[in-house]
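Novice: What follows is work-v1.txt; its format and atoms are compact mmCIF, C-alpha atoms.
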# COMPACT_ATOMS: atom_id res chain seq x y z
CA MET A 111 74.22 71.57 87.17
CA THR A 112 71.99 72.83 84.40
CA LYS A 113 72.26 71.60 80.84
CA ARG A 114 73.53 75.05 79.83
CA GLY A 115 76.21 74.96 82.57
CA SER A 116 77.35 71.50 81.49
CA TYR A 117 77.73 72.74 77.90
CA VAL A 118 79.81 75.77 78.94
CA LEU A 119 82.05 73.68 81.20
CA GLY A 120 82.50 71.08 78.48
CA SER A 121 83.44 73.80 76.00
CA LEU A 122 86.02 75.24 78.38
CA LEU A 123 87.53 71.83 79.02
CA LEU A 124 87.65 71.17 75.29
CA ALA A 125 89.31 74.53 74.68
CA GLY A 126 91.89 73.75 77.33
CA THR A 127 92.56 70.38 75.73
CA VAL A 128 93.01 71.94 72.29
CA HIS A 129 95.35 74.62 73.64
CA ALA A 130 97.46 72.01 75.41
CA GLN A 131 98.00 70.29 72.08
CA VAL A 132 99.40 73.32 70.26
CA THR A 133 102.85 72.31 68.97
CA PHE A 134 105.53 73.70 66.74
CA ASN A 135 105.30 70.98 64.13
CA LYS A 136 101.54 70.95 63.73
CA ASP A 137 100.47 74.53 64.45
CA VAL A 138 103.34 77.02 64.53
CA ALA A 139 105.59 75.87 61.69
CA PRO A 140 102.87 76.44 59.02
CA ILE A 141 102.51 80.03 60.24
CA LEU A 142 106.25 80.67 60.19
CA TYR A 143 106.64 79.01 56.80
CA GLY A 144 103.88 81.13 55.29
CA ASN A 145 104.70 84.50 56.83
CA CYS A 146 108.16 84.65 58.38
CA VAL A 147 110.86 82.40 56.94
CA ALA A 148 111.20 84.36 53.70
CA CYS A 149 113.50 86.52 55.82
CA HIS A 150 114.10 84.16 58.75
CA HIS A 151 116.10 81.45 57.02
CA PRO A 152 119.87 80.89 57.09
CA ASN A 153 122.07 83.63 55.63
CA ASP A 154 119.24 86.05 54.90
CA ILE A 155 118.35 89.54 56.15
CA ALA A 156 116.81 88.48 59.49
CA PRO A 157 119.18 87.97 62.46
CA MET A 158 118.04 84.40 63.10
CA SER A 159 116.52 81.44 61.29
CA LEU A 160 113.09 80.08 62.28
CA MET A 161 113.07 77.14 59.87
CA THR A 162 113.29 74.38 62.50
CA TYR A 163 112.11 73.79 66.04
CA LYS A 164 115.74 73.88 67.18
CA ASP A 165 116.11 77.30 65.53
CA ALA A 166 112.86 78.75 66.87
CA ARG A 167 112.65 77.36 70.41
CA PRO A 168 115.23 79.72 72.02
CA TRP A 169 113.30 82.66 70.56
CA ALA A 170 109.82 81.54 71.64
CA ALA A 171 109.18 84.37 74.12
CA ALA A 172 110.61 86.96 71.74
CA ILE A 173 108.45 85.62 68.89
CA ARG A 174 105.36 85.89 71.09
CA GLU A 175 106.16 89.49 72.03
CA ALA A 176 106.92 90.46 68.43
CA VAL A 177 103.66 89.09 67.02
CA VAL A 178 101.43 90.31 69.87
CA THR A 179 102.75 93.87 69.42
CA ARG A 180 102.62 93.39 65.62
CA GLN A 181 106.24 94.40 65.24
CA MET A 182 106.62 91.23 63.21
CA PRO A 183 106.16 90.51 60.42
CA PRO A 184 107.17 94.09 59.51
CA TRP A 185 104.46 96.06 57.72
CA HIS A 186 104.18 99.83 57.72
CA ALA A 187 101.25 100.64 55.43
CA ASP A 188 97.99 101.64 57.11
CA PRO A 189 95.93 98.40 57.23
CA HIS A 190 92.71 100.39 56.80
CA ILE A 191 93.79 101.92 53.46
CA GLY A 192 94.42 99.57 50.58
CA ASP A 193 94.66 95.80 50.30
CA TYR A 194 98.06 94.43 49.30
CA LEU A 195 99.33 91.25 47.69
CA ASN A 196 102.55 91.18 49.72
CA ASP A 197 100.98 91.87 53.13
CA PRO A 198 102.62 89.34 55.52
CA ARG A 199 100.67 90.32 58.67
CA LEU A 200 99.29 87.54 60.84
CA THR A 201 95.61 87.05 61.54
CA GLN A 202 94.43 87.25 65.14
CA GLU A 203 93.91 83.49 65.08
CA GLN A 204 97.54 82.94 64.06
CA ILE A 205 98.75 85.28 66.81
CA ASP A 206 96.61 83.45 69.36
CA THR A 207 98.10 80.13 68.23
CA ILE A 208 101.66 81.36 68.80
CA VAL A 209 100.70 82.82 72.18
CA GLU A 210 99.18 79.50 73.27
CA TRP A 211 102.21 77.58 72.00
CA VAL A 212 104.55 79.66 74.16
CA LYS A 213 102.15 79.62 77.13
CA SER A 214 101.88 75.82 77.05
CA GLY A 215 105.64 75.26 77.04
CA ALA A 216 106.59 75.69 73.37
CA GLN A 217 106.41 71.95 72.64
CA GLU A 218 107.88 70.44 69.46
CA GLY A 219 105.19 67.84 68.81
CA ASP A 220 105.09 64.84 66.51
CA GLY A 221 107.64 65.02 63.70
CA ARG A 222 105.07 63.53 61.32
CA ASP A 223 103.01 66.73 61.66
CA LEU A 224 105.77 68.96 60.33
CA PRO A 225 105.01 70.24 56.81
CA SER A 226 107.70 70.37 54.16
CA PRO A 227 109.69 73.58 54.65
CA PRO A 228 109.91 76.08 51.81
CA ALA A 229 113.00 75.81 49.64
CA PHE A 230 115.07 78.92 48.96
CA GLU A 231 117.68 79.45 46.31
CA LYS A 232 120.75 80.89 47.96
CA GLY A 233 120.41 84.64 48.15
CA TRP A 234 116.97 84.80 46.51
CA HIS A 235 113.30 84.99 47.44
CA ILE A 236 112.38 84.10 43.85
CA LYS A 237 113.66 81.51 41.37
CA PRO A 238 115.35 83.63 38.69
CA ASP A 239 115.31 82.63 35.05
CA LEU A 240 118.33 84.86 34.53
CA VAL A 241 120.84 86.59 36.80
CA LEU A 242 122.80 89.65 35.69
CA SER A 243 125.53 91.12 37.88
CA ILE A 244 127.85 94.10 37.93
CA PRO A 245 131.60 93.54 37.56
CA GLU A 246 133.42 93.10 40.85
CA THR A 247 133.66 96.57 42.37
CA GLU A 248 135.95 97.70 45.16
CA VAL A 249 134.34 99.87 47.84
CA ALA A 250 137.08 101.85 49.54
CA ALA A 251 137.62 101.83 53.31
CA GLY A 252 135.86 104.61 55.20
CA ASN A 253 133.84 105.59 52.15
CA GLN A 254 130.75 106.99 53.89
CA ASP A 255 128.59 107.78 50.84
CA ASP A 256 129.16 107.08 47.17
CA TYR A 257 126.72 106.71 44.27
CA GLU A 258 128.03 104.47 41.51
CA TYR A 259 126.31 104.09 38.14
CA ILE A 260 127.21 100.78 36.53
CA TYR A 261 125.83 99.62 33.17
CA VAL A 262 125.33 95.95 32.42
CA PRO A 263 124.33 94.84 28.91
CA THR A 264 121.44 92.39 28.75
CA ASN A 265 122.53 91.08 25.35
CA PHE A 266 118.87 90.38 24.63
CA THR A 267 118.26 89.79 20.94
CA GLU A 268 114.51 90.11 21.44
CA ASP A 269 112.19 91.95 23.81
CA LYS A 270 111.68 90.31 27.21
CA TRP A 271 108.88 90.77 29.73
CA VAL A 272 109.79 90.70 33.42
CA GLN A 273 107.09 89.40 35.76
CA ALA A 274 109.20 89.46 38.94
CA ALA A 275 112.67 90.63 39.90
CA GLU A 276 114.90 90.96 42.93
CA VAL A 277 118.13 92.85 43.58
CA GLU A 278 120.64 91.04 45.78
CA PRO A 279 123.46 93.17 47.21
CA GLY A 280 126.86 91.56 46.94
CA ASP A 281 127.87 92.82 50.40
CA ARG A 282 125.01 94.03 52.61
CA ARG A 283 127.49 95.74 54.92
CA VAL A 284 128.29 98.41 52.34
CA VAL A 285 125.34 98.45 49.90
CA HIS A 286 122.82 100.85 51.35
CA HIS A 287 120.46 100.72 48.39
CA ALA A 288 120.45 99.90 44.70
CA THR A 289 118.02 100.88 41.96
CA VAL A 290 118.09 98.97 38.68
CA SER A 291 116.58 100.74 35.66
CA VAL A 292 116.19 99.79 32.02
CA VAL A 293 117.98 102.09 29.53
CA SER A 294 118.46 101.78 25.79
CA GLY A 295 121.85 100.99 24.28
CA ALA A 296 122.10 104.51 22.85
CA ASP A 297 121.24 106.14 26.18
CA ALA A 298 123.67 103.90 28.05
CA ALA A 299 126.63 105.28 26.07
CA LYS A 300 125.66 108.86 26.97
CA LEU A 301 125.03 108.03 30.62
CA ILE A 302 128.33 106.22 31.03
CA ALA A 303 130.11 109.37 29.87
CA THR A 304 128.37 111.52 32.51
CA HIS A 305 128.25 109.13 35.50
CA GLY A 306 124.55 108.52 34.97
CA GLY A 307 123.93 112.21 34.34
CA ALA A 308 124.69 112.92 38.00
CA GLU A 309 127.62 115.19 37.14
CA ASN A 310 125.35 117.64 35.30
CA VAL A 311 124.54 119.78 38.35
CA ASP A 312 122.72 123.11 37.98
CA GLU A 313 123.09 126.39 39.84
CA PHE A 314 121.11 125.10 42.83
CA HIS A 315 123.13 121.94 43.48
CA TYR A 316 126.71 121.00 44.26
CA ARG A 317 128.70 117.82 44.26
CA THR A 318 131.16 116.27 46.71
CA GLY A 319 132.91 113.15 45.50
CA LYS A 320 130.18 111.08 43.87
CA VAL A 321 127.12 112.45 45.67
CA ASN A 322 124.93 115.49 45.03
CA HIS A 323 123.47 118.02 47.47
CA MET A 324 121.13 121.00 47.44
CA LYS A 325 122.85 124.33 48.12
CA PRO A 326 121.81 125.87 51.45
CA ASP A 327 120.66 129.07 49.73
CA ALA A 328 118.67 127.33 46.95
CA PRO A 329 114.97 128.28 46.63
CA VAL A 330 112.77 126.74 49.31
CA SER A 331 109.28 125.35 48.92
CA ASP A 332 107.93 122.88 51.43
CA ASP A 333 104.68 123.08 49.47
CA GLY A 334 105.31 121.25 46.21
CA CYS A 335 101.79 122.16 45.09
CA ALA A 336 102.63 125.88 44.99
CA LYS A 337 103.67 127.77 41.89
CA PRO A 338 107.46 128.25 41.87
CA GLU A 339 108.57 131.75 42.80
CA ASN A 340 111.89 131.38 41.02
CA PRO A 341 111.43 131.50 37.21
CA ALA A 342 114.46 129.25 36.75
CA ILE A 343 112.45 126.42 38.26
CA LYS A 344 109.55 125.04 36.23
CA SER A 345 108.04 123.09 39.09
CA TYR A 346 108.82 122.27 42.69
CA THR A 347 107.54 118.74 42.05
CA SER A 348 108.99 116.29 39.54
CA GLY A 349 107.16 113.33 38.05
CA ASP A 350 109.82 111.34 36.24
CA VAL A 351 108.92 108.14 34.39
CA ASN A 352 111.27 105.23 35.01
CA HIS A 353 111.31 101.54 34.11
CA VAL A 354 112.52 99.73 37.22
CA PRO A 355 112.55 95.92 37.36
CA SER A 356 113.44 96.03 41.06
CA ILE A 357 115.19 97.96 43.82
CA TYR A 358 117.09 97.01 46.94
CA LEU A 359 116.42 98.96 50.13
CA PRO A 360 116.68 97.85 53.75
CA GLY A 361 113.89 95.30 54.23
CA HIS A 362 112.88 95.31 50.57
CA LEU A 363 112.16 91.88 49.08
CA ALA A 364 111.39 90.74 45.54
CA GLU A 365 108.92 92.63 43.36
CA ASN A 366 106.22 90.29 42.06
CA ARG A 367 103.83 91.91 39.60
CA PRO A 368 100.26 90.66 39.29
CA PRO A 369 99.49 88.12 36.53
CA GLY A 370 99.12 89.81 33.16
CA TYR A 371 101.32 92.78 34.15
CA ALA A 372 105.02 92.91 33.31
CA LEU A 373 107.88 95.28 32.61
CA LYS A 374 109.39 95.37 29.14
CA VAL A 375 113.14 95.04 28.60
CA ALA A 376 113.69 95.79 24.93
CA ALA A 377 116.26 93.99 22.82
CA GLY A 378 119.69 95.57 23.18
CA SER A 379 118.85 97.28 26.48
CA TYR A 380 121.23 97.87 29.35
CA LEU A 381 120.47 97.70 33.04
CA GLN A 382 121.63 100.73 34.98
CA PHE A 383 122.67 99.81 38.52
CA GLN A 384 122.59 102.93 40.66
CA ILE A 385 124.25 101.75 43.86
CA HIS A 386 124.55 103.78 47.03
CA TYR A 387 127.64 102.53 48.81
CA SER A 388 128.25 103.43 52.45
CA ASN A 389 131.35 101.73 53.81
CA ARG A 390 131.87 102.42 57.51
CA LEU A 391 134.30 99.53 57.85
CA GLY A 392 137.99 100.10 58.38
CA TYR A 393 138.93 98.21 55.24
CA ALA A 394 138.01 97.98 51.56
CA VAL A 395 135.59 95.28 50.41
CA LYS A 396 134.56 93.79 47.09
CA ASP A 397 130.96 94.00 45.92
CA ARG A 398 129.15 92.28 43.10
CA THR A 399 125.50 93.27 43.35
CA ARG A 400 123.20 91.42 40.96
CA ILE A 401 119.58 91.19 39.82
CA GLY A 402 117.49 88.10 39.26
CA LEU A 403 114.77 88.23 36.59
CA VAL A 404 111.70 86.03 36.26
CA PHE A 405 110.17 86.23 32.79
CA ALA A 406 106.44 86.16 32.18
CA LYS A 407 105.25 82.62 31.46
CA GLU A 408 101.88 83.71 30.09
CA PRO A 409 100.81 86.42 27.65
CA VAL A 410 101.26 89.91 29.09
CA ARG A 411 98.33 92.30 28.69
CA PHE A 412 99.66 95.45 30.32
CA GLU A 413 103.09 97.11 30.42
CA VAL A 414 104.30 98.44 33.77
CA ALA A 415 106.28 101.63 34.39
CA GLN A 416 106.76 103.98 37.34
CA TYR A 417 106.16 107.64 38.14
CA GLU A 418 108.70 108.94 40.64
CA ILE A 419 107.17 112.02 42.23
CA TRP A 420 109.54 114.19 44.27
CA ASN A 421 109.70 117.44 46.14
CA ASN A 422 113.40 118.25 46.35
CA TRP A 423 113.10 121.90 47.40
CA PHE A 424 112.15 121.62 51.06
CA LEU A 425 114.05 122.92 54.09
CA ILE A 426 113.60 121.23 57.47
CA PRO A 427 114.51 123.59 60.35
CA PRO A 428 116.72 122.35 63.20
CA GLY A 429 114.80 120.76 66.05
CA ASP A 430 111.49 120.63 64.15
CA GLY A 431 109.71 117.45 65.21
CA ASN A 432 106.77 117.59 62.79
CA HIS A 433 107.80 119.36 59.59
CA LYS A 434 105.33 119.14 56.70
CA VAL A 435 106.39 118.76 53.05
CA THR A 436 104.03 118.19 50.13
CA SER A 437 104.26 117.23 46.47
CA CYS A 438 101.65 117.43 43.73
CA PHE A 439 101.56 115.69 40.37
CA THR A 440 98.75 115.66 37.81
CA LEU A 441 98.49 112.47 35.79
CA PRO A 442 98.88 113.17 32.06
CA LYS A 443 96.93 110.04 31.07
CA ASP A 444 94.69 107.28 32.40
CA VAL A 445 96.69 104.70 34.38
CA THR A 446 96.05 101.53 36.35
CA ALA A 447 97.58 101.68 39.84
CA ILE A 448 99.84 98.67 40.56
CA ALA A 449 102.00 99.53 43.59
CA TYR A 450 103.21 102.35 45.85
CA THR A 451 106.54 103.17 47.47
CA ALA A 452 107.34 105.86 50.05
CA HIS A 453 110.92 107.10 50.27
CA MET A 454 112.52 109.34 52.89
CA HIS A 455 115.64 109.08 55.05
CA PHE A 456 116.23 108.95 58.82
CA ARG A 457 113.99 111.93 59.62
CA GLY A 458 111.02 110.53 57.69
CA LYS A 459 108.01 110.20 60.00
CA SER A 460 104.91 109.52 57.88
CA MET A 461 103.59 109.79 54.33
CA THR A 462 100.07 109.93 52.88
CA THR A 463 98.95 110.22 49.25
CA GLU A 464 95.53 111.52 48.30
CA ALA A 465 93.97 111.34 44.83
CA VAL A 466 91.95 114.41 43.85
CA TYR A 467 89.90 113.18 40.90
CA PRO A 468 88.81 115.37 37.97
CA ASP A 469 85.24 115.45 39.31
CA GLY A 470 86.49 116.89 42.61
CA ARG A 471 86.18 113.69 44.63
CA ARG A 472 89.04 113.09 47.07
CA GLU A 473 90.36 109.73 48.26
CA VAL A 474 93.33 108.74 50.40
CA ILE A 475 94.90 105.89 48.42
CA PHE A 476 98.07 105.27 50.43
CA SER A 477 99.35 105.88 53.94
CA VAL A 478 102.43 104.93 55.93
CA PRO A 479 101.69 106.33 59.39
CA LYS A 480 104.99 105.18 60.94
CA TYR A 481 107.69 105.33 58.30
CA ASP A 482 110.92 103.48 59.07
CA PHE A 483 114.02 104.13 56.95
CA ARG A 484 115.42 100.79 58.12
CA TRP A 485 112.60 98.76 56.53
CA GLN A 486 111.18 100.01 53.24
CA GLU A 487 108.60 98.20 51.15
CA THR A 488 106.96 98.45 47.76
CA TYR A 489 103.26 97.82 48.39
CA PHE A 490 101.62 95.81 45.58
CA LEU A 491 97.88 96.29 45.32
CA LYS A 492 95.69 93.22 45.48
CA HIS A 493 93.03 95.07 43.49
CA GLN A 494 94.39 97.27 40.70
CA PHE A 495 92.23 100.27 39.85
CA LEU A 496 91.91 103.04 37.28
CA ILE A 497 93.19 106.52 38.10
CA PRO A 498 91.88 108.83 35.35
CA LYS A 499 93.83 111.45 33.43
CA GLY A 500 93.79 114.79 35.23
CA THR A 501 93.82 113.27 38.72
CA ARG A 502 96.04 115.22 41.07
CA LEU A 503 98.17 113.12 43.41
CA VAL A 504 98.85 115.08 46.60
CA THR A 505 101.47 113.54 48.86
CA THR A 506 102.02 114.84 52.39
CA ALA A 507 105.11 113.83 54.35
CA TYR A 508 106.17 114.71 57.88
CA PHE A 509 109.75 114.78 59.13
CA ASP A 510 111.11 114.61 62.67
CA ASN A 511 114.32 116.62 62.94
CA SER A 512 114.13 116.81 66.74
CA PRO A 513 116.31 115.22 69.43
CA ASN A 514 113.35 112.91 70.17
CA ASN A 515 114.08 111.04 66.94
CA GLY A 516 116.59 108.41 67.97
CA LEU A 517 117.67 107.91 64.34
CA ASN A 518 118.31 111.62 63.71
CA PRO A 519 121.97 112.15 62.70
CA ASP A 520 122.01 115.81 63.82
CA PRO A 521 118.91 117.66 65.14
CA GLY A 522 120.86 120.92 65.26
CA LYS A 523 121.15 121.26 61.47
CA SER A 524 118.84 122.66 58.81
CA ILE A 525 118.25 119.88 56.30
CA ARG A 526 117.93 120.12 52.53
CA TRP A 527 117.63 117.48 49.81
CA GLY A 528 120.75 115.35 49.36
CA GLU A 529 121.82 111.89 48.27
CA PRO A 530 123.69 110.95 51.49
CA SER A 531 121.58 109.25 54.15
CA ASN A 532 122.23 112.03 56.68
CA GLU A 533 120.46 114.48 54.37
CA GLU A 534 116.86 113.98 53.19
CA MET A 535 114.58 112.99 50.35
CA MET A 536 110.82 113.09 49.85
CA GLY A 537 109.44 110.80 47.17
CA PHE A 538 106.27 108.90 46.33
CA TRP A 539 106.57 106.31 43.58
CA LEU A 540 103.55 105.01 41.70
CA ALA A 541 104.01 101.80 39.73
CA TYR A 542 101.36 101.88 37.03
CA ALA A 543 100.24 100.28 33.79
CA ASP A 544 98.71 101.87 30.73
CA VAL A 545 95.03 101.00 30.54
CA GLU A 546 95.30 100.10 26.87
CA PRO A 547 96.30 96.41 26.42
CA ILE A 548 99.51 95.81 24.52
CA ASN A 549 99.88 93.66 21.43
CA SER A 550 99.06 90.14 22.61
CA LYS A 551 100.88 88.52 19.69
CA GLU A 552 104.10 90.31 20.62
CA THR A 553 103.91 89.34 24.30
CA GLY A 554 102.78 85.82 23.55
CA ALA A 555 105.85 85.28 21.38
CA ALA A 556 108.08 86.77 24.08
CA ALA A 557 106.55 84.57 26.76
CA ALA A 558 107.04 81.45 24.63
CA SER A 559 110.77 82.18 24.30
CA SER A 560 111.33 83.65 27.76
CA GLY A 561 113.76 81.01 28.94
CA GLY A 562 116.72 82.20 26.86
CA ARG A 563 118.63 85.33 26.06
Before anything else, please render the file you have as structure tokens.
Specialist:
Amino acid sequence: MTKRGSYVLGSLLLAGTVHAQVTFNKDVAPILYGNCVACHHPNDIAPMSLMTYKDARPWAAAIREAVVTRQMPPWHADPHIGDYLNDPRLTQEQIDTIVEWVKSGAQEGDGRDLPSPPAFEKGWHIKPDLVLSIPETEVAAGNQDDYEYIYVPTNFTEDKWVQAAEVEPGDRRVVHHATVSVVSGADAAKLIATHGGAENVDEFHYRTGKVNHMKPDAPVSDDGCAKPENPAIKSYTSGDVNHVPSIYLPGHLAENRPPGYALKVAAGSYLQFQIHYSNRLGYAVKDRTRIGLVFAKEPVRFEVAQYEIWNNWFLIPPGDGNHKVTSCFTLPKDVTAIAYTAHMHFRGKSMTTEAVYPDGRREVIFSVPKYDFRWQETYFLKHQFLIPKGTRLVTTAYFDNSPNNGLNPDPGKSIRWGEPSNEEMMGFWLAYADVEPINSKETGAAAASSGGR
């Protein structure tokens, strides 16, 4: 045998030896602890725990299949567009390790090789400095869709800066989603009187119970970039500014803002819990949804807010498997991009956002090629960047209202905007920060006293 042949054979034998030594404790547990157990630990959103060898071993083949096909960990943003802080995807090397572990018999290995498992506070993926909850709320039996607006006082006597936050539903069986927004004390009093303003419907909308819908004969514009034909409508695209510490959606975890960026909760503010209840159980249940806040521990340089950009005037024909809807919004000021969120319902198929800069240059900044209503993320950018004033954000969404969509509630119906899940929405949310730094003395003082109320 030649020297070259001996080297190749030796390498193959060595590789085989290394593969045979792949164990749960030494090789697989670190991967699961770093990328999977945030959801796969006891009493969390995943259907099984993967914290121990005893937990994981029965699922070995399923784990292999899930990671090879990249169904797990879940991630729906296009990997070729953007680089994200909360991207949990495995490297090819990590996938190969799991494959070899299963192939070689899914051995446990030496207990001394097992790293310390991550610790989780019950119900949380963060360690909150403060938890605020709604009063116990009864969700009636058979209540299919209901939007409640509940206002919780912070009782803050000074401004606070929120670095991270997470919404925990009190009963995941009936809480479809929850959005928590910061409102002033004065605004809270007005909103309480009008059910969050939701009762103020115009000529194009109607209300059933506690949810709103678009009238079937309301003006239609699938192209939110077009000039409205109806003079009663100023624009087919809205670009509302909101201050949202966190949201809960299926699959949505904590929102962790980059260092130096935080959301301001002014003294005396209230938190508005907008909760979409959907109780398909045959009995009433009690819910007490809450939010955990982590205050900034270092001076905050930039204040975070959110543009919520909608086209609510579309009409999706029955049976249409690839219906296009667009929105356009021109930024009124320079902003730093922090995170993106795509929001549609069961017929949502894909969403892409393109920035058309003032100099005419075009860039796709965000894409979710396979949207899934059952697992919705906020995608936090690893590298924040400036989007200049005058940039036009063009979002293109596609909807599948055909019988081929297994999640479609009714492919025989024309679909308009509506709050219930069996209707539709089309929204792109841009979390941003002003480019001008805020007063460092103010934030430094807030950070120093962030542990109390």
Novice: Between atom CA of Ala298 of chain A and atom CA of Phe405 of chain A, what distance in Å does the model show, to one decimal?
Specialist: 22.7 Å
Novice: Atom CA of Gly215 of chain A and atom CA of Ala172 of chain A are how many Å apart?
Specialist: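 Between these atoms lies a distance of 13.8 Å.
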Novice: Please list as a list in words every residue within 6 Å of Pro360 of chain A, counting only C-alpha atoms and excluding residues in the same chain fewer than 4 positions away.
Specialist: Arg484, Trp485 and Gln486 of chain A
Novice: Those same residues - C-alpha atoms - I'd like them written as a compact mmCIF listing (two decimals), in the coordinates of the input.
Specialist:
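Contents of result.txt, as written:
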# COMPACT_ATOMS: atom_id res chain seq x y z
CA ARG A 484 115.42 100.79 58.12
CA TRP A 485 112.60 98.76 56.53
CA GLN A 486 111.18 100.01 53.24
Novice: Tell me which protein, DNA and RNA residues are within 8 Å of Ile236 of chain A, counting all atoms listed in the file, leaving out same-chain ones fewer than 4 positions away, and put them as number ranges by chain.
Specialist: A: 230-231, 274-276, 364, 402, 404
Novice: Output, as lines of an AutoDock Vina configuration file, the centre and edge lengths in Å (one decimal) of the axis-aligned box that contains all listed atoms of segment 355-367 of chain A with 8 Å of margin on each side.
Specialist:
center_x = 110.5
center_y = 94.6
center_z = 45.8
size_x = 29.3
size_y = 24.7
size_z = 32.9
